[in-house]
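*Asks:* The following block contains the structure, expressed as structure tokens.
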Amino acid sequence: MVREAAVEKAKRRAQEKLGEKLSLPENAGSGSIANGALVLASDESRTVTGSKLVMDCGYMAH
């Protein structure tokens with residue numbers, strides 16, 4: 001029980017530290033990642049070449 005509490009505390013602290021570095025208020029969920037993949041797989045991206053789709057809530061901007 002003590003170990004689980006320590007792990008949860010460490011997770012919360014890591015999330016808070018990461019949140020300080022993000023430009024957007026929350027982490028992208030799996031739905032956001034899936035939507036990005038769908039865009040790249042669709043005909044709408046037929047003219048996209050040599051690009052990276054970075055979905056990191058602004059982390060790379062820092």
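Ordering of the structure tokens sets the chain letters (A, B, ...); residue numbers start at 1 within each chain; ligands are numbered from 1 in the order shown.
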Tell me which protein, DNA and RNA residues are within 7 Å of segment 28-43 of chain A, counting only C-alpha atoms, leaving out same-chain ones fewer than 2 positions away, and put them as a ChimeraX atom specification.

*Replies:* /A:26,45-46,56-57

*Asks:* In Å to one decimal, how far is atom CA of Met1 of chain A from atom CA of Ala14 of chain A?

*Replies:*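 Between atom CA of Ala14 of chain A and atom CA of Met1 of chain A the gap works out to 20.1 Å.
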
*Asks:* What does the distance from atom CA of Val2 of chain A to atom CA of Gln15 of chain A come to in Å, to one decimal?

*Replies:* 20.1 Å
